[in-house]
file query-v2.tsv (TSV, C-alpha atoms)
chain	number	residue	atom	x	y	z
C	19	MET	CA	128.33	91.61	87.85
C	20	LEU	CA	129.55	95.12	88.77
C	21	LYS	CA	132.57	94.51	86.54
C	22	GLU	CA	130.32	93.33	83.72
C	23	ILE	CA	128.17	96.45	84.08
C	24	TRP	CA	131.16	98.76	83.81
C	25	SER	CA	132.40	96.88	80.76
C	26	HIS	CA	129.19	97.93	79.01
C	27	ILE	CA	129.60	101.51	80.21
C	28	PHE	CA	133.13	101.41	78.76
C	29	GLU	CA	131.86	99.93	75.49
C	30	PHE	CA	129.03	102.35	74.65
C	31	ASP	CA	129.62	105.87	73.35
C	32	LYS	CA	126.09	107.04	74.22
C	33	ILE	CA	124.64	106.53	77.70
C	34	ILE	CA	121.24	107.67	78.97
C	35	ILE	CA	120.33	107.37	82.64
C	36	HIS	CA	116.76	107.22	83.99
C	37	ARG	CA	115.26	106.86	87.50
C	38	HIS	CA	111.82	106.67	89.07
C	39	VAL	CA	109.01	109.23	88.97
C	40	SER	CA	108.64	111.64	91.92
C	41	PRO	CA	112.39	111.46	92.56
C	42	ASP	CA	113.88	111.45	96.03
C	43	PRO	CA	117.51	112.38	96.82
C	44	ASP	CA	118.75	108.81	96.29
C	45	ALA	CA	117.10	108.49	92.89
C	46	LEU	CA	118.66	111.78	91.80
C	47	GLY	CA	121.92	111.19	93.65
C	48	SER	CA	122.54	107.83	91.99
C	49	GLN	CA	121.44	109.13	88.58
C	50	LEU	CA	123.44	112.36	88.62
C	51	GLY	CA	126.34	110.79	90.48
C	52	LEU	CA	126.77	107.98	87.97
C	53	ALA	CA	126.43	110.41	85.06
C	54	GLU	CA	129.18	112.62	86.45
C	55	LEU	CA	131.37	109.61	87.27
C	56	ILE	CA	131.20	108.52	83.63
C	57	ARG	CA	131.67	112.03	82.25
C	58	CYS	CA	134.74	112.82	84.30
C	59	ASN	CA	136.46	109.59	83.19
C	60	TYR	CA	135.35	109.50	79.54
C	61	LYS	CA	135.26	112.98	78.02
C	62	ASP	CA	134.32	111.61	74.59
C	63	LYS	CA	131.14	109.84	75.71
C	64	VAL	CA	127.71	111.44	75.44
C	65	VAL	CA	126.02	111.00	78.82
C	66	LYS	CA	122.51	112.31	79.48
C	67	THR	CA	120.06	112.17	82.38
C	68	VAL	CA	116.30	111.98	81.85
C	69	GLY	CA	113.25	112.81	83.94
C	70	PHE	CA	111.13	115.48	85.57
C	71	ASN	CA	113.05	118.31	87.24
C	72	GLU	CA	111.83	118.30	90.83
C	73	PRO	CA	111.95	121.96	91.98
C	74	SER	CA	112.61	121.13	95.64
C	75	LEU	CA	115.75	119.19	94.64
C	76	ALA	CA	116.97	121.54	91.90
C	77	TRP	CA	120.11	122.22	93.97
C	78	MET	CA	121.26	118.67	93.22
C	79	GLY	CA	121.31	119.21	89.46
C	80	GLN	CA	119.17	119.40	86.34
C	81	MET	CA	118.10	116.84	83.75
C	82	ASP	CA	119.24	117.02	80.13
C	83	GLU	CA	117.28	117.59	76.93
C	84	VAL	CA	116.97	114.21	75.23
C	85	CYS	CA	115.33	113.46	71.88
C	86	ASP	CA	114.21	110.08	70.58
C	87	GLU	CA	117.18	109.86	68.20
C	88	ASP	CA	119.58	110.00	71.17
C	89	TYR	CA	118.49	106.50	72.16
C	90	GLU	CA	119.68	104.92	68.92
C	91	GLY	CA	122.60	102.64	69.82
C	92	ALA	CA	122.63	103.89	73.41
C	93	LEU	CA	123.15	102.11	76.70
C	94	VAL	CA	120.26	102.91	79.06
C	95	LEU	CA	120.59	102.59	82.83
C	96	ILE	CA	117.64	102.71	85.24
C	97	MET	CA	118.45	103.76	88.79
C	98	ASP	CA	116.56	103.06	92.02
C	99	THR	CA	113.40	101.72	90.35
C	100	ALA	CA	111.96	98.32	91.28
C	101	ASN	CA	109.34	98.06	88.54
C	102	SER	CA	109.02	99.41	85.02
C	103	ALA	CA	105.73	101.21	85.71
C	104	ARG	CA	107.60	103.71	87.91
C	105	ILE	CA	110.34	104.59	85.43
C	106	ASP	CA	110.27	108.29	84.55
C	107	ASP	CA	110.00	108.58	80.73
C	108	SER	CA	108.93	105.47	78.83
C	109	ARG	CA	111.53	106.00	76.11
C	110	TYR	CA	113.97	103.89	78.13
C	111	LYS	CA	112.87	101.00	75.86
C	112	LEU	CA	114.40	102.66	72.79
C	113	GLY	CA	118.04	101.97	73.72
C	114	ALA	CA	120.28	99.16	72.50
C	115	LYS	CA	120.88	97.66	75.96
C	116	LEU	CA	119.14	98.15	79.31
C	117	ILE	CA	120.67	97.85	82.79
C	118	LYS	CA	118.87	98.14	86.11
C	119	LEU	CA	120.66	99.18	89.35
C	120	ASP	CA	118.51	99.06	92.46
C	121	HIS	CA	118.42	98.35	96.20
C	122	HIS	CA	114.70	97.65	96.60
C	123	PRO	CA	113.34	94.11	96.95
C	124	VAL	CA	112.90	92.65	93.48
C	125	VAL	CA	109.49	93.35	91.97
C	126	GLU	CA	110.28	93.07	88.27
C	127	GLU	CA	113.39	92.21	86.29
C	128	TYR	CA	112.70	94.41	83.29
C	129	ALA	CA	116.24	94.97	81.99
C	130	ASP	CA	118.80	92.96	80.04
C	131	ILE	CA	121.00	93.09	83.13
C	132	ASN	CA	119.30	93.39	86.52
C	133	TYR	CA	121.54	94.21	89.48
C	134	THR	CA	119.80	94.41	92.86
C	135	ASP	CA	121.52	94.64	96.23
C	136	THR	CA	118.95	94.84	99.01
C	137	ALA	CA	121.73	94.96	101.61
C	138	ALA	CA	122.80	98.37	100.30
C	139	SER	CA	121.40	101.42	102.08
C	140	SER	CA	120.73	103.13	98.77
C	141	THR	CA	121.31	102.94	95.06
C	142	SER	CA	123.90	105.68	95.56
C	143	GLU	CA	125.85	103.22	97.71
C	144	ILE	CA	125.65	100.71	94.84
C	145	VAL	CA	127.19	103.29	92.49
C	146	VAL	CA	130.06	103.71	94.97
C	147	ASN	CA	130.48	99.92	94.93
C	148	LEU	CA	130.44	100.02	91.11
C	149	TYR	CA	133.25	102.57	91.19
C	150	GLN	CA	135.29	100.63	93.73
C	151	ALA	CA	134.94	97.35	91.82
C	152	ASN	CA	136.34	98.92	88.65
C	153	ARG	CA	138.60	101.82	89.61
C	154	GLU	CA	141.88	99.90	89.38
C	155	ALA	CA	141.13	98.07	86.14
C	156	TYR	CA	139.89	101.24	84.41
C	157	HIS	CA	141.96	103.82	86.34
C	158	LEU	CA	138.80	105.63	87.40
C	159	GLN	CA	138.70	108.95	89.19
C	160	LEU	CA	135.85	110.11	91.45
C	161	SER	CA	135.14	113.82	91.11
C	162	GLN	CA	133.92	116.05	93.89
C	163	GLU	CA	130.67	116.65	92.00
C	164	ALA	CA	129.95	112.94	91.62
C	165	ALA	CA	130.87	112.30	95.25
C	166	SER	CA	128.54	115.08	96.43
C	167	CYS	CA	125.56	113.57	94.59
C	168	LEU	CA	126.26	110.07	95.87
C	169	TYR	CA	126.80	111.26	99.44
C	170	THR	CA	123.46	113.07	99.32
C	171	GLY	CA	121.70	109.89	98.23
C	172	ILE	CA	123.30	107.81	100.96
C	173	ILE	CA	122.60	110.36	103.69
C	174	ALA	CA	118.95	110.65	102.67
C	175	ASP	CA	118.18	106.95	102.37
C	176	SER	CA	120.06	106.00	105.54
C	177	GLY	CA	118.47	108.82	107.54
C	178	ARG	CA	121.89	110.31	108.33
C	179	PHE	CA	123.02	106.77	109.29
C	180	LEU	CA	120.18	106.43	111.83
C	181	TYR	CA	118.15	103.79	109.95
C	182	ASP	CA	118.93	100.12	110.41
C	183	ASN	CA	119.83	99.78	106.71
C	184	THR	CA	123.13	101.46	107.64
C	185	THR	CA	125.98	98.94	107.54
C	186	ILE	CA	129.75	98.99	107.78
C	187	ASP	CA	129.77	99.13	103.98
C	188	THR	CA	127.52	102.22	104.08
C	189	LEU	CA	129.89	104.00	106.43
C	190	SER	CA	132.88	102.92	104.35
C	191	ALA	CA	131.24	104.33	101.22
C	192	ALA	CA	130.52	107.61	103.01
C	193	GLN	CA	134.13	107.79	104.19
C	194	LEU	CA	135.35	107.40	100.61
C	195	LEU	CA	133.01	110.15	99.40
C	196	TYR	CA	133.99	112.45	102.26
C	197	SER	CA	137.64	112.03	101.24
C	198	CYS	CA	136.76	113.72	97.94
C	199	GLU	CA	136.50	117.03	99.83
C	200	ILE	CA	132.76	117.35	99.45
C	201	ASN	CA	131.03	120.23	101.24
C	202	ARG	CA	129.16	118.10	103.77
C	203	ASN	CA	127.72	121.08	105.64
C	204	LYS	CA	126.25	122.57	102.47
C	205	ILE	CA	124.69	119.23	101.51
C	206	HIS	CA	123.09	118.84	104.93
C	207	GLU	CA	121.85	122.43	104.87
C	208	ASN	CA	120.20	121.95	101.47
C	209	LEU	CA	118.79	118.54	102.33
C	210	TYR	CA	117.22	119.44	105.66
C	211	ARG	CA	116.24	123.08	105.20
C	212	ARG	CA	112.50	123.49	105.76
C	213	SER	CA	110.40	126.18	104.14
C	214	LEU	CA	107.68	127.95	106.11
C	215	ASN	CA	104.86	126.19	104.25
C	216	ILE	CA	106.35	122.78	105.11
C	217	VAL	CA	106.57	123.68	108.79
C	218	GLN	CA	102.95	124.86	108.71
C	219	ALA	CA	101.90	121.64	106.96
C	220	GLN	CA	103.69	119.63	109.65
C	221	GLY	CA	101.62	121.56	112.19
C	222	TYR	CA	98.49	120.41	110.35
C	223	VAL	CA	99.69	116.80	110.50
C	224	LEU	CA	100.41	116.99	114.23
C	225	SER	CA	96.96	118.42	114.91
C	226	GLN	CA	95.08	115.94	112.72
C	227	PHE	CA	96.74	112.52	113.04
C	228	GLU	CA	95.05	109.58	114.72
C	229	VAL	CA	96.46	106.48	116.42
C	230	SER	CA	94.80	103.04	116.52
C	231	GLU	CA	94.93	100.74	119.53
C	232	ALA	CA	97.34	98.51	117.59
C	233	GLY	CA	99.85	101.37	117.30
C	234	VAL	CA	99.19	102.56	113.75
C	235	ALA	CA	99.27	106.33	113.36
C	236	PHE	CA	97.90	107.98	110.25
C	237	PHE	CA	96.77	111.26	108.76
C	238	LYS	CA	94.73	112.07	105.67
C	239	MET	CA	95.58	115.04	103.49
C	240	PRO	CA	93.01	115.81	100.78
C	241	LEU	CA	94.11	117.64	97.67
C	242	ASP	CA	92.60	120.97	98.73
C	243	ILE	CA	94.57	120.91	102.00
C	244	GLN	CA	97.78	120.14	100.11
C	245	LYS	CA	97.14	123.08	97.81
C	246	SER	CA	96.45	125.37	100.75
C	247	TYR	CA	100.00	124.67	101.95
C	248	HIS	CA	101.41	124.85	98.39
C	249	LEU	CA	102.58	121.24	98.51
C	250	THR	CA	103.61	119.23	95.46
C	251	THR	CA	104.16	115.50	95.03
C	252	GLY	CA	107.83	116.24	95.61
C	253	THR	CA	107.65	118.54	98.63
C	254	ARG	CA	104.96	116.60	100.50
C	255	SER	CA	107.52	113.86	101.10
C	256	ALA	CA	108.95	116.18	103.76
C	257	LEU	CA	105.92	115.29	105.89
C	258	VAL	CA	106.50	111.53	105.85
C	259	ASN	CA	108.55	111.36	109.04
C	260	THR	CA	106.58	113.95	111.01
C	261	LEU	CA	105.13	111.12	113.11
C	262	ALA	CA	108.43	109.26	113.60
C	263	ASN	CA	109.82	108.56	117.08
C	264	ILE	CA	106.55	109.10	118.94
C	265	GLU	CA	106.18	106.75	121.88
C	266	GLY	CA	103.66	103.97	121.30
C	267	ILE	CA	103.60	104.29	117.51
C	268	LEU	CA	104.90	101.25	115.61
C	269	VAL	CA	103.75	102.16	112.10
C	270	TRP	CA	102.75	105.49	110.61
C	271	VAL	CA	100.92	106.10	107.35
C	272	CYS	CA	100.69	109.31	105.35
C	273	LEU	CA	97.66	109.36	103.06
C	274	PHE	CA	97.84	111.93	100.25
C	275	GLU	CA	95.15	112.48	97.64
C	276	ASN	CA	96.58	112.71	94.12
C	277	GLU	CA	95.30	114.85	91.27
C	278	ASP	CA	93.61	111.80	89.72
C	279	GLY	CA	91.67	111.09	92.92
C	280	ARG	CA	93.76	108.08	93.95
C	281	ILE	CA	95.36	107.97	97.39
C	282	ARG	CA	99.11	107.63	97.79
C	283	ALA	CA	100.09	105.94	101.06
C	284	ASN	CA	103.60	106.43	102.43
C	285	ILE	CA	104.17	103.80	105.12
C	286	ARG	CA	106.98	103.69	107.67
C	287	SER	CA	107.74	101.33	110.56
C	288	ASN	CA	109.66	101.26	113.82
C	289	GLY	CA	109.75	97.48	113.84
C	290	PRO	CA	106.98	95.55	112.03
C	291	ILE	CA	107.62	94.39	108.45
C	292	ILE	CA	105.26	96.37	106.23
C	293	ASN	CA	106.22	95.80	102.59
C	294	GLU	CA	104.18	92.59	102.33
C	295	VAL	CA	101.07	94.54	103.32
C	296	ALA	CA	101.94	97.33	100.88
C	297	ALA	CA	102.25	94.77	98.08
C	298	LYS	CA	98.58	93.86	98.58
C	299	PHE	CA	97.61	97.46	97.88
C	300	ASP	CA	99.39	98.11	94.58
C	301	GLY	CA	102.66	98.95	96.27
C	302	GLY	CA	105.77	97.59	97.89
C	303	GLY	CA	109.21	98.72	98.97
C	304	HIS	CA	111.55	98.05	101.85
C	305	PRO	CA	110.60	96.02	104.93
C	306	LYS	CA	110.24	99.19	107.02
C	307	ALA	CA	109.69	101.86	104.36
C	308	SER	CA	107.07	101.22	101.71
C	309	GLY	CA	104.37	102.81	99.61
C	310	ALA	CA	100.95	101.84	98.31
C	311	MET	CA	98.28	103.22	96.00
C	312	LEU	CA	94.56	103.17	96.80
C	313	SER	CA	91.68	103.92	94.45
C	314	LYS	CA	89.64	106.01	96.89
C	315	TRP	CA	89.48	107.16	100.50
C	316	GLU	CA	87.17	104.31	101.46
C	317	ASP	CA	89.94	101.80	100.66
C	318	CYS	CA	92.28	103.28	103.27
C	319	GLN	CA	90.68	101.48	106.19
C	320	GLY	CA	91.54	98.08	104.73
C	321	LEU	CA	95.20	99.08	104.57
C	322	LEU	CA	95.15	100.44	108.11
C	323	ASP	CA	93.45	97.28	109.41
C	324	GLU	CA	96.06	94.99	107.86
C	325	LEU	CA	98.88	97.13	109.21
C	326	GLY	CA	97.21	96.91	112.63
C	327	GLU	CA	97.27	93.12	112.42
C	328	VAL	CA	100.98	93.22	111.60
C	329	CYS	CA	101.59	95.45	114.62
C	330	LEU	CA	99.66	93.15	116.97
C	331	LYS	CA	101.63	90.14	115.72
C	332	TYR	CA	104.87	92.07	116.18
C	333	LYS	CA	103.99	92.90	119.79
C	334	LEU	CA	103.48	89.20	120.54
C	335	GLU	CA	106.87	88.31	119.06
C	336	VAL	CA	109.06	90.89	120.78

call {"tool": "encode", "arguments": {"input": "query-v2.tsv", "output": "structure tokens"}}
result
Amino acid sequence: MLKEIWSHIFEFDKIIIHRHVSPDPDALGSQLGLAELIRCNYKDKVVKTVGFNEPSLAWMGQMDEVCDEDYEGALVLIMDTANSARIDDSRYKLGAKLIKLDHHPVVEEYADINYTDTAASSTSEIVVNLYQANREAYHLQLSQEAASCLYTGIIADSGRFLYDNTTIDTLSAAQLLYSCEINRNKIHENLYRRSLNIVQAQGYVLSQFEVSEAGVAFFKMPLDIQKSYHLTTGTRSALVNTLANIEGILVWVCLFENEDGRIRANIRSNGPIINEVAAKFDGGGHPKASGAMLSKWEDCQGLLDELGEVCLKYKLEV
């Protein structure tokens, strides 16, 4: 299927690439990396990226200006997005053909061609696989700029190769990208630099979080507290792993109030499978890294209770 996908990239003269809302480094890395991969091999193609410019990740690159007419006769690719509701910019439907590339468990097959590889650490790794599957047949070159974006996505989603989604294929992909003479130190510096307000917000989390008897840790961050630390939907993601690697904690949940009053839950696990619970609360994701959406604060306890049950079951099995 990777060969079929590139045949469509080769065929179309106009290509527009989308990804999910509230982009993380893998969403941007796969989007910008694929765009640059196509541009550097096909100078005559028009390749554009679409979506909100997340200020905290501006160092990775900027989106393009795209008008409705650009979609006429265009190939549209959606990166790192399991369901259509999370696609940034609904104009993705205006293209001539739609392709989905993703590594999340399948939620919705919304494209003409749906390629999902849940064994991949990241969608950026899938783009590397796409390149490798077609480089000989199409004499493809991988630029330093494309490699830098893809490496950033892999590093972020694999937790610098610490997460258990890291495989031999992940390391092989990283080796290939590193051979493109990327500035690995600069990428790491940009990716893991913390601003003062983030450090202060992490202090708030560490002073406010609670832990249940089942081993579920959680904190609640109302909108006014987020604003007091100058957090945005993009920068608050830096708080998600503040409670990681604490002895006795199996699952941790970050509960953020959104502007519309709903509660965004970022859920992470050191062992128990959590995405099935997240799916019950308007969410989903990976087995050990998921998200959910709750209507109001009062609904949070139901989520925490179900996660507690998963933790207790996990303790009996290990």

call {"tool": "residues_around", "arguments": {"input": "query-v2.tsv", "residues": "region 157-166 of chain C", "least_positions_apart": "2", "cutoff": "10 Å", "atoms": "only C-alpha atoms", "output": "VMD selection string"}}
result
chain C and resid 47 to 60 78 142 146 149 to 150 152 to 155 168 to 171 191 to 192 194 to 202 204 to 205

call {"tool": "residues_near_point", "arguments": {"input": "query-v2.tsv", "point": "(123.9, 110.9, 110.6)", "cutoff": "12 Å", "atoms": "only C-alpha atoms", "output": "PyMOL selection string"}}
result
chain C and resi 169-170+172-182+184+188-189+192+202-203+206+210

call {"tool": "write_last_selection", "arguments": {"input": "query-v2.tsv", "atoms": "C-alpha atoms", "output": "short mmCIF file (atom, residue, chain, number, x, y, z; two decimals), in the frame of the given file"}}
result
data_model
loop_
_atom_site.label_atom_id
_atom_site.label_comp_id
_atom_site.auth_asym_id
_atom_site.auth_seq_id
_atom_site.Cartn_x
_atom_site.Cartn_y
_atom_site.Cartn_z
CA TYR C 169 126.80 111.26 99.44
CA THR C 170 123.46 113.07 99.32
CA ILE C 172 123.30 107.81 100.96
CA ILE C 173 122.60 110.36 103.69
CA ALA C 174 118.95 110.65 102.67
CA ASP C 175 118.18 106.95 102.37
CA SER C 176 120.06 106.00 105.54
CA GLY C 177 118.47 108.82 107.54
CA ARG C 178 121.89 110.31 108.33
CA PHE C 179 123.02 106.77 109.29
CA LEU C 180 120.18 106.43 111.83
CA TYR C 181 118.15 103.79 109.95
CA ASP C 182 118.93 100.12 110.41
CA THR C 184 123.13 101.46 107.64
CA THR C 188 127.52 102.22 104.08
CA LEU C 189 129.89 104.00 106.43
CA ALA C 192 130.52 107.61 103.01
CA ARG C 202 129.16 118.10 103.77
CA ASN C 203 127.72 121.08 105.64
CA HIS C 206 123.09 118.84 104.93
CA TYR C 210 117.22 119.44 105.66
#

call {"tool": "residues_near_point", "arguments": {"input": "query-v2.tsv", "point": "(110.0, 111.6, 86.9)", "cutoff": "6 Å", "atoms": "all atoms listed in the file", "output": "JSON, numbers by chain"}}
result
{"C": [38, 39, 40, 69, 70, 106]}

call {"tool": "axis_aligned_box", "arguments": {"input": "query-v2.tsv", "around": "region 70-84 of chain C", "padding_each_side": "5 Å", "output": "lines of an AutoDock Vina configuration file"}}
result
center_x = 116.2
center_y = 118.2
center_z = 85.4
size_x = 20.2
size_y = 18.0
size_z = 30.4

call {"tool": "residues_around", "arguments": {"input": "query-v2.tsv", "residues": "region 251-261 of chain C", "least_positions_apart": "2", "cutoff": "10 Å", "atoms": "only C-alpha atoms", "output": "PyMOL selection string"}}
result
chain C and resi 39-42+72-75+210+212-213+215-217+219-221+223-224+227+235-237+239+244+247-249+263-265+267+269-277+282-286

call {"tool": "closest_residue", "arguments": {"input": "query-v2.tsv", "among": "C:Arg109, C:Leu321, C:Ala114, C:Cys329", "to": "Lys298 (chain C)", "atoms": "only C-alpha atoms"}}
result
C:Leu321

call {"tool": "closest_residue", "arguments": {"input": "query-v2.tsv", "among": "C:Leu20, C:Ile96, C:Ala297, C:Cys85", "to": "Pro123 (chain C)", "atoms": "all atoms listed in the file"}}
result
C:Ala297

call {"tool": "closest_residue", "arguments": {"input": "query-v2.tsv", "among": "C:Leu119, C:Leu112, C:Ile34, C:Ala76", "to": "Leu209 (chain C)", "atoms": "only C-alpha atoms"}}
result
C:Ala76

call {"tool": "atom_distance", "arguments": {"input": "query-v2.tsv", "atom1": "CA of Asn147 (chain C)", "atom2": "CA of Gln80 (chain C)"}}
result
24.1 Å

call {"tool": "atom_distance", "arguments": {"input": "query-v2.tsv", "atom1": "CA of Ser102 (chain C)", "atom2": "CA of Gly309 (chain C)"}}
result
15.7 Å

call {"tool": "atom_distance", "arguments": {"input": "query-v2.tsv", "atom1": "CA of Ser140 (chain C)", "atom2": "CA of Glu294 (chain C)"}}
result
19.9 Å

call {"tool": "closest_residue", "arguments": {"input": "query-v2.tsv", "among": "C:Ala45, C:Ile291, C:Leu93, C:Met81", "to": "Phe28 (chain C)", "atoms": "all atoms listed in the file"}}
result
C:Leu93

call {"tool": "residues_around", "arguments": {"input": "query-v2.tsv", "residues": "Asp130 (chain C)", "least_positions_apart": "2", "cutoff": "10 Å", "atoms": "all atoms listed in the file", "output": "list in words"}}
result
Ala114, Lys115, Leu116, Ile117, Lys118, Glu127, Tyr128, Asn132 and Tyr133 of chain C

call {"tool": "closest_residue", "arguments": {"input": "query-v2.tsv", "among": "C:Tyr110, C:Leu322, C:Leu312, C:Lys331", "to": "Pro290 (chain C)", "atoms": "only C-alpha atoms"}}
result
C:Lys331

call {"tool": "closest_residue", "arguments": {"input": "query-v2.tsv", "among": "C:Thr141, C:Ser308, C:Gln226, C:Ser313", "to": "Val295 (chain C)", "atoms": "all atoms listed in the file"}}
result
C:Ser308

call {"tool": "decode", "arguments": {"input": "query-v2.tsv", "residues": "region 69-144 of chain C", "atoms": "C-alpha atoms", "output": "PDB file, in the first residue's frame"}}
result
ATOM      1  CA  GLY C  69      -3.626  24.081   9.947  1.00  0.00           C
ATOM      2  CA  PHE C  70      -3.229  26.306  12.977  1.00  0.00           C
ATOM      3  CA  ASN C  71       0.296  27.585  13.627  1.00  0.00           C
ATOM      4  CA  GLU C  72       1.098  26.419  17.153  1.00  0.00           C
ATOM      5  CA  PRO C  73       3.396  29.109  18.640  1.00  0.00           C
ATOM      6  CA  SER C  74       5.274  26.707  20.923  1.00  0.00           C
ATOM      7  CA  LEU C  75       6.276  24.603  17.894  1.00  0.00           C
ATOM      8  CA  ALA C  76       6.942  27.458  15.468  1.00  0.00           C
ATOM      9  CA  TRP C  77      10.601  26.373  15.293  1.00  0.00           C
ATOM     10  CA  MET C  78       9.502  23.276  13.364  1.00  0.00           C
ATOM     11  CA  GLY C  79       7.979  25.278  10.521  1.00  0.00           C
ATOM     12  CA  GLN C  80       4.955  27.290   9.427  1.00  0.00           C
ATOM     13  CA  MET C  81       1.753  26.405   7.601  1.00  0.00           C
ATOM     14  CA  ASP C  82       0.957  27.741   4.136  1.00  0.00           C
ATOM     15  CA  GLU C  83      -1.789  30.072   2.948  1.00  0.00           C
ATOM     16  CA  VAL C  84      -4.372  27.898   1.194  1.00  0.00           C
ATOM     17  CA  CYS C  85      -7.552  29.046  -0.548  1.00  0.00           C
ATOM     18  CA  ASP C  86     -10.546  26.926  -1.494  1.00  0.00           C
ATOM     19  CA  GLU C  87      -9.561  26.931  -5.171  1.00  0.00           C
ATOM     20  CA  ASP C  88      -6.263  25.201  -4.289  1.00  0.00           C
ATOM     21  CA  TYR C  89      -8.188  22.029  -3.503  1.00  0.00           C
ATOM     22  CA  GLU C  90      -9.564  21.666  -7.024  1.00  0.00           C
ATOM     23  CA  GLY C  91      -7.973  18.539  -8.509  1.00  0.00           C
ATOM     24  CA  ALA C  92      -5.660  18.144  -5.512  1.00  0.00           C
ATOM     25  CA  LEU C  93      -4.497  15.105  -3.604  1.00  0.00           C
ATOM     26  CA  VAL C  94      -5.177  15.593   0.119  1.00  0.00           C
ATOM     27  CA  LEU C  95      -3.261  13.677   2.790  1.00  0.00           C
ATOM     28  CA  ILE C  96      -4.271  13.574   6.460  1.00  0.00           C
ATOM     29  CA  MET C  97      -1.486  12.821   8.914  1.00  0.00           C
ATOM     30  CA  ASP C  98      -1.670  11.383  12.440  1.00  0.00           C
ATOM     31  CA  THR C  99      -5.452  11.725  12.805  1.00  0.00           C
ATOM     32  CA  ALA C 100      -7.623   8.759  13.781  1.00  0.00           C
ATOM     33  CA  ASN C 101     -11.030  10.348  13.186  1.00  0.00           C
ATOM     34  CA  SER C 102     -12.347  13.058  10.897  1.00  0.00           C
ATOM     35  CA  ALA C 103     -13.676  15.207  13.756  1.00  0.00           C
ATOM     36  CA  ARG C 104     -10.085  15.991  14.786  1.00  0.00           C
ATOM     37  CA  ILE C 105      -8.810  17.061  11.365  1.00  0.00           C
ATOM     38  CA  ASP C 106      -7.612  20.665  11.398  1.00  0.00           C
ATOM     39  CA  ASP C 107      -9.520  22.557   8.653  1.00  0.00           C
ATOM     40  CA  SER C 108     -12.650  20.907   7.259  1.00  0.00           C
ATOM     41  CA  ARG C 109     -11.755  21.798   3.671  1.00  0.00           C
ATOM     42  CA  TYR C 110      -9.907  18.489   3.382  1.00  0.00           C
ATOM     43  CA  LYS C 111     -13.126  17.186   1.760  1.00  0.00           C
ATOM     44  CA  LEU C 112     -12.700  19.497  -1.247  1.00  0.00           C
ATOM     45  CA  GLY C 113      -9.829  17.551  -2.847  1.00  0.00           C
ATOM     46  CA  ALA C 114     -10.002  15.009  -5.663  1.00  0.00           C
ATOM     47  CA  LYS C 115      -8.569  12.117  -3.613  1.00  0.00           C
ATOM     48  CA  LEU C 116      -8.049  11.636   0.125  1.00  0.00           C
ATOM     49  CA  ILE C 117      -5.364   9.536   1.842  1.00  0.00           C
ATOM     50  CA  LYS C 118      -4.992   8.905   5.565  1.00  0.00           C
ATOM     51  CA  LEU C 119      -1.626   8.009   7.178  1.00  0.00           C
ATOM     52  CA  ASP C 120      -1.804   7.194  10.871  1.00  0.00           C
ATOM     53  CA  HIS C 121      -0.393   5.064  13.697  1.00  0.00           C
ATOM     54  CA  HIS C 122      -3.313   5.270  16.123  1.00  0.00           C
ATOM     55  CA  PRO C 123      -5.773   2.390  16.571  1.00  0.00           C
ATOM     56  CA  VAL C 124      -8.432   2.658  13.880  1.00  0.00           C
ATOM     57  CA  VAL C 125     -11.396   4.783  14.901  1.00  0.00           C
ATOM     58  CA  GLU C 126     -12.710   5.855  11.501  1.00  0.00           C
ATOM     59  CA  GLU C 127     -11.717   5.094   7.930  1.00  0.00           C
ATOM     60  CA  TYR C 128     -12.670   8.426   6.423  1.00  0.00           C
ATOM     61  CA  ALA C 129     -10.383   8.518   3.372  1.00  0.00           C
ATOM     62  CA  ASP C 130     -10.299   6.895  -0.055  1.00  0.00           C
ATOM     63  CA  ILE C 131      -7.107   5.160   1.041  1.00  0.00           C
ATOM     64  CA  ASN C 132      -6.624   4.474   4.754  1.00  0.00           C
ATOM     65  CA  TYR C 133      -3.149   3.386   5.847  1.00  0.00           C
ATOM     66  CA  THR C 134      -2.747   2.634   9.550  1.00  0.00           C
ATOM     67  CA  ASP C 135       0.274   0.995  11.166  1.00  0.00           C
ATOM     68  CA  THR C 136      -0.230   0.708  14.913  1.00  0.00           C
ATOM     69  CA  ALA C 137       3.157  -0.985  15.265  1.00  0.00           C
ATOM     70  CA  ALA C 138       4.874   2.248  14.227  1.00  0.00           C
ATOM     71  CA  SER C 139       6.051   4.550  17.011  1.00  0.00           C
ATOM     72  CA  SER C 140       4.738   7.575  15.162  1.00  0.00           C
ATOM     73  CA  THR C 141       3.305   8.780  11.895  1.00  0.00           C
ATOM     74  CA  SER C 142       6.732  10.279  11.217  1.00  0.00           C
ATOM     75  CA  GLU C 143       8.118   6.739  11.258  1.00  0.00           C
ATOM     76  CA  ILE C 144       5.452   5.775   8.699  1.00  0.00           C
TER      77      ILE C 144
END
